[in-house]
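See below for model10.cif, which holds mmCIF, C-alpha atoms.
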```cif
data_protein
loop_
_atom_site.label_atom_id
_atom_site.label_comp_id
_atom_site.auth_asym_id
_atom_site.auth_seq_id
_atom_site.Cartn_x
_atom_site.Cartn_y
_atom_site.Cartn_z
CA MET A 14 -32.34 5.95 -6.96
CA THR A 15 -33.18 9.62 -7.33
CA SER A 16 -36.25 10.71 -9.25
CA ALA A 17 -34.18 12.17 -12.10
CA LYS A 18 -32.17 8.95 -12.49
CA TYR A 19 -35.36 6.89 -12.39
CA TRP A 20 -36.94 8.88 -15.26
CA LEU A 21 -33.71 8.75 -17.23
CA VAL A 22 -33.68 4.95 -16.97
CA VAL A 23 -37.38 4.67 -17.84
CA THR A 24 -36.97 6.94 -20.86
CA ALA A 25 -33.95 4.99 -22.10
CA LEU A 26 -35.84 1.69 -21.78
CA LEU A 27 -38.85 3.07 -23.63
CA LEU A 28 -36.70 4.40 -26.44
CA ALA A 29 -34.86 1.09 -26.70
CA GLY A 30 -38.18 -0.75 -26.94
CA CYS A 31 -39.45 1.54 -29.69
CA SER A 32 -36.37 1.18 -31.85
CA HIS A 33 -37.06 -2.43 -32.90
CA SER A 34 -38.00 -2.46 -36.55
CA ARG A 35 -39.53 -5.57 -38.08
CA VAL A 36 -37.59 -6.40 -41.23
CA ILE A 37 -36.79 -9.33 -43.47
CA LYS A 38 -33.15 -9.83 -44.41
CA VAL A 39 -33.13 -11.07 -48.01
CA ASN A 40 -30.16 -12.99 -49.42
CA LEU A 41 -30.12 -13.39 -53.20
CA ILE A 42 -27.81 -16.33 -53.96
CA ASN A 43 -26.70 -17.21 -57.47
CA THR A 44 -26.11 -20.96 -57.22
CA SER A 45 -25.53 -21.34 -60.95
CA ALA A 46 -22.25 -21.46 -62.85
CA GLU A 47 -23.05 -18.29 -64.85
CA LYS A 48 -23.93 -14.67 -64.17
CA LEU A 49 -27.56 -13.53 -63.79
CA SER A 50 -28.65 -10.04 -64.84
CA ASN A 51 -31.40 -7.49 -64.21
CA ILE A 52 -32.61 -9.09 -60.99
CA ILE A 53 -35.79 -7.49 -59.65
CA VAL A 54 -37.51 -8.51 -56.41
CA ASP A 55 -41.05 -7.23 -56.04
CA TYR A 56 -42.80 -7.34 -52.68
CA PRO A 57 -45.89 -5.61 -51.28
CA SER A 58 -45.47 -1.82 -51.51
CA ALA A 59 -41.89 -1.82 -52.87
CA THR A 60 -39.29 -3.29 -55.23
CA PHE A 61 -35.52 -3.62 -55.23
CA GLY A 62 -33.10 -4.82 -57.84
CA ILE A 63 -29.49 -5.25 -58.86
CA PRO A 64 -27.94 -5.11 -62.34
CA SER A 65 -26.14 -8.47 -62.06
CA LEU A 66 -25.03 -11.23 -59.72
CA ALA A 67 -21.95 -13.29 -60.53
CA ALA A 68 -21.94 -17.07 -60.26
CA GLY A 69 -21.64 -18.27 -56.67
CA LYS A 70 -22.16 -14.78 -55.20
CA THR A 71 -24.68 -13.48 -52.66
CA PHE A 72 -26.35 -10.07 -52.45
CA GLN A 73 -27.95 -8.99 -49.17
CA TYR A 74 -30.79 -6.51 -48.82
CA THR A 75 -33.19 -5.65 -46.00
CA ILE A 76 -36.88 -5.06 -46.63
CA LYS A 77 -39.60 -3.73 -44.32
CA PRO A 78 -43.00 -5.13 -45.28
CA THR A 79 -45.67 -2.46 -44.84
CA GLU A 80 -48.48 -4.37 -46.59
CA ASN A 81 -49.61 -7.97 -47.10
CA GLY A 82 -49.01 -9.75 -50.40
CA ALA A 83 -46.82 -12.03 -52.46
CA MET A 84 -43.20 -11.64 -53.43
CA ASN A 85 -42.05 -12.15 -57.02
CA ILE A 86 -38.67 -12.29 -58.69
CA GLU A 87 -37.58 -11.63 -62.24
CA PHE A 88 -34.12 -12.00 -63.77
CA THR A 89 -32.36 -12.51 -67.07
CA ASP A 90 -30.40 -15.75 -67.48
CA ALA A 91 -27.02 -16.06 -69.22
CA GLN A 92 -28.72 -16.71 -72.57
CA GLY A 93 -30.79 -13.50 -72.35
CA LYS A 94 -34.11 -15.15 -71.46
CA ILE A 95 -36.24 -13.32 -68.88
CA ARG A 96 -37.37 -15.59 -66.06
CA ARG A 97 -40.24 -14.80 -63.64
CA PHE A 98 -41.17 -16.72 -60.50
CA PRO A 99 -43.77 -16.24 -57.77
CA GLY A 100 -42.61 -16.21 -54.19
CA PRO A 101 -44.21 -16.62 -50.80
CA ALA A 102 -46.80 -14.34 -49.28
CA ILE A 103 -45.47 -11.98 -46.65
CA ARG A 104 -47.38 -9.84 -44.19
CA LYS A 105 -47.01 -6.39 -42.77
CA ASP A 106 -44.48 -6.44 -39.91
CA ASP A 107 -43.10 -9.91 -40.77
CA GLU A 108 -39.49 -10.42 -39.78
CA GLY A 109 -36.83 -13.03 -40.36
CA THR A 110 -34.45 -14.13 -43.07
CA MET A 111 -35.27 -15.11 -46.62
CA GLU A 112 -32.91 -16.85 -49.00
CA ILE A 113 -33.71 -16.73 -52.68
CA ARG A 114 -31.56 -19.35 -54.38
CA LEU A 115 -31.30 -18.70 -58.09
CA THR A 116 -30.23 -20.94 -60.93
CA GLN A 117 -30.38 -20.16 -64.64
CA ASP A 118 -33.97 -21.43 -64.79
CA ALA A 119 -35.39 -21.43 -61.26
CA ALA A 120 -35.84 -19.53 -58.02
CA LYS A 121 -36.29 -21.21 -54.66
CA PHE A 122 -37.51 -19.10 -51.72
CA ILE A 123 -36.55 -20.24 -48.21
CA TYR A 124 -38.10 -18.15 -45.43
CA HIS A 125 -36.95 -18.53 -41.82
#
```
Output the file's structure as structure tokens, nothing else.
Amino acid sequence: MTSAKYWLVVTALLLAGCSHSRVIKVNLINTSAEKLSNIIVDYPSATFGIPSLAAGKTFQYTIKPTENGAMNIEFTDAQGKIRRFPGPAIRKDDEGTMEIRLTQDAAKFIYH
């Protein structure tokens, strides 16, 4: 292998190794028979939310933890009551998949 080809291969491998970003893929799942509204997920250093999630539907979102701390979720049930639930602690650079299964009166966090 020529010197130029060698450096091209080394550079490509280094760039490929640097491109891995540690993220958590979050799936919000409405397991109830009615719509949920104003869903807000708070996690260390950021927040995301959606206006509503229909019964039986899933919303996917990717987060990149940059600090350590706990997750929390808040939503409004079909009767207009605001519900708040604590979630698991996550750490900077964690990665994996998290399911947040929602009912009208509960939130269950499953972190893989």
**OP:** Determine the residue set returned by the PyMOL selection byres ((chain A and resi 80-85) around 12) for the present structure, and present it as a count of residues only.
**Re:** 37
Within 10 Å of Lys38 of chain A using all atoms listed in the file, minus same-chain residues under 3 positions, as a short mmCIF file (atom, residue, chain, number, x, y, z; two decimals) with C-alpha atoms, in the coordinates of the input:
```
data_model
loop_
_atom_site.label_atom_id
_atom_site.label_comp_id
_atom_site.auth_asym_id
_atom_site.auth_seq_id
_atom_site.Cartn_x
_atom_site.Cartn_y
_atom_site.Cartn_z
CA ARG A 35 -39.53 -5.57 -38.08
CA LEU A 41 -30.12 -13.39 -53.20
CA GLN A 73 -27.95 -8.99 -49.17
CA TYR A 74 -30.79 -6.51 -48.82
CA THR A 75 -33.19 -5.65 -46.00
CA ILE A 76 -36.88 -5.06 -46.63
CA LYS A 77 -39.60 -3.73 -44.32
CA GLU A 108 -39.49 -10.42 -39.78
CA GLY A 109 -36.83 -13.03 -40.36
CA THR A 110 -34.45 -14.13 -43.07
CA MET A 111 -35.27 -15.11 -46.62
CA GLU A 112 -32.91 -16.85 -49.00
CA TYR A 124 -38.10 -18.15 -45.43
CA HIS A 125 -36.95 -18.53 -41.82
#
```
Using 3 Å of padding on each side, determine the axis-aligned box around all atoms of segment 95-114 of chain A present in the file and give its centre and edge lengths in Å to one decimal, as JSON.
```
{"center_x": -39.5, "center_y": -12.9, "center_z": -54.3, "size_x": 21.8, "size_y": 19.0, "size_z": 35.1}
```
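Rounded to one decimal, atom CA of Leu49 of chain A and atom CA of Val36 of chain A lie 25.7 Å from each other.
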**OP:** In Å, rounded to a single decimal, give me how far atom CA of Pro64 of chain A is from atom CA of Ala91 of chain A.
**Re:** 13.0 Å
Subject >> Minimum-distance residue to Lys48 of chain A, chosen among A:Lys94, A:Ser34, A:Gly69, A:Ile63 (using all atoms listed in the file) >> reply: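 Comparing A:Lys94, A:Ser34, A:Gly69, A:Ile63 against Lys48 of chain A, the winner is A:Gly69.
Comparing A:Asp90, A:Lys70, A:Ala119, A:Ile95 by their smallest distance to Asn40 of chain A, the closest is A:Lys70 (using only C-alpha atoms).
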Original post:
Which is closer to Phe72 of chain A than all the others in A:Gln117, A:Asn43, A:Asn51, A:Ile123, using only C-alpha atoms?
Top reply: A:Asn43
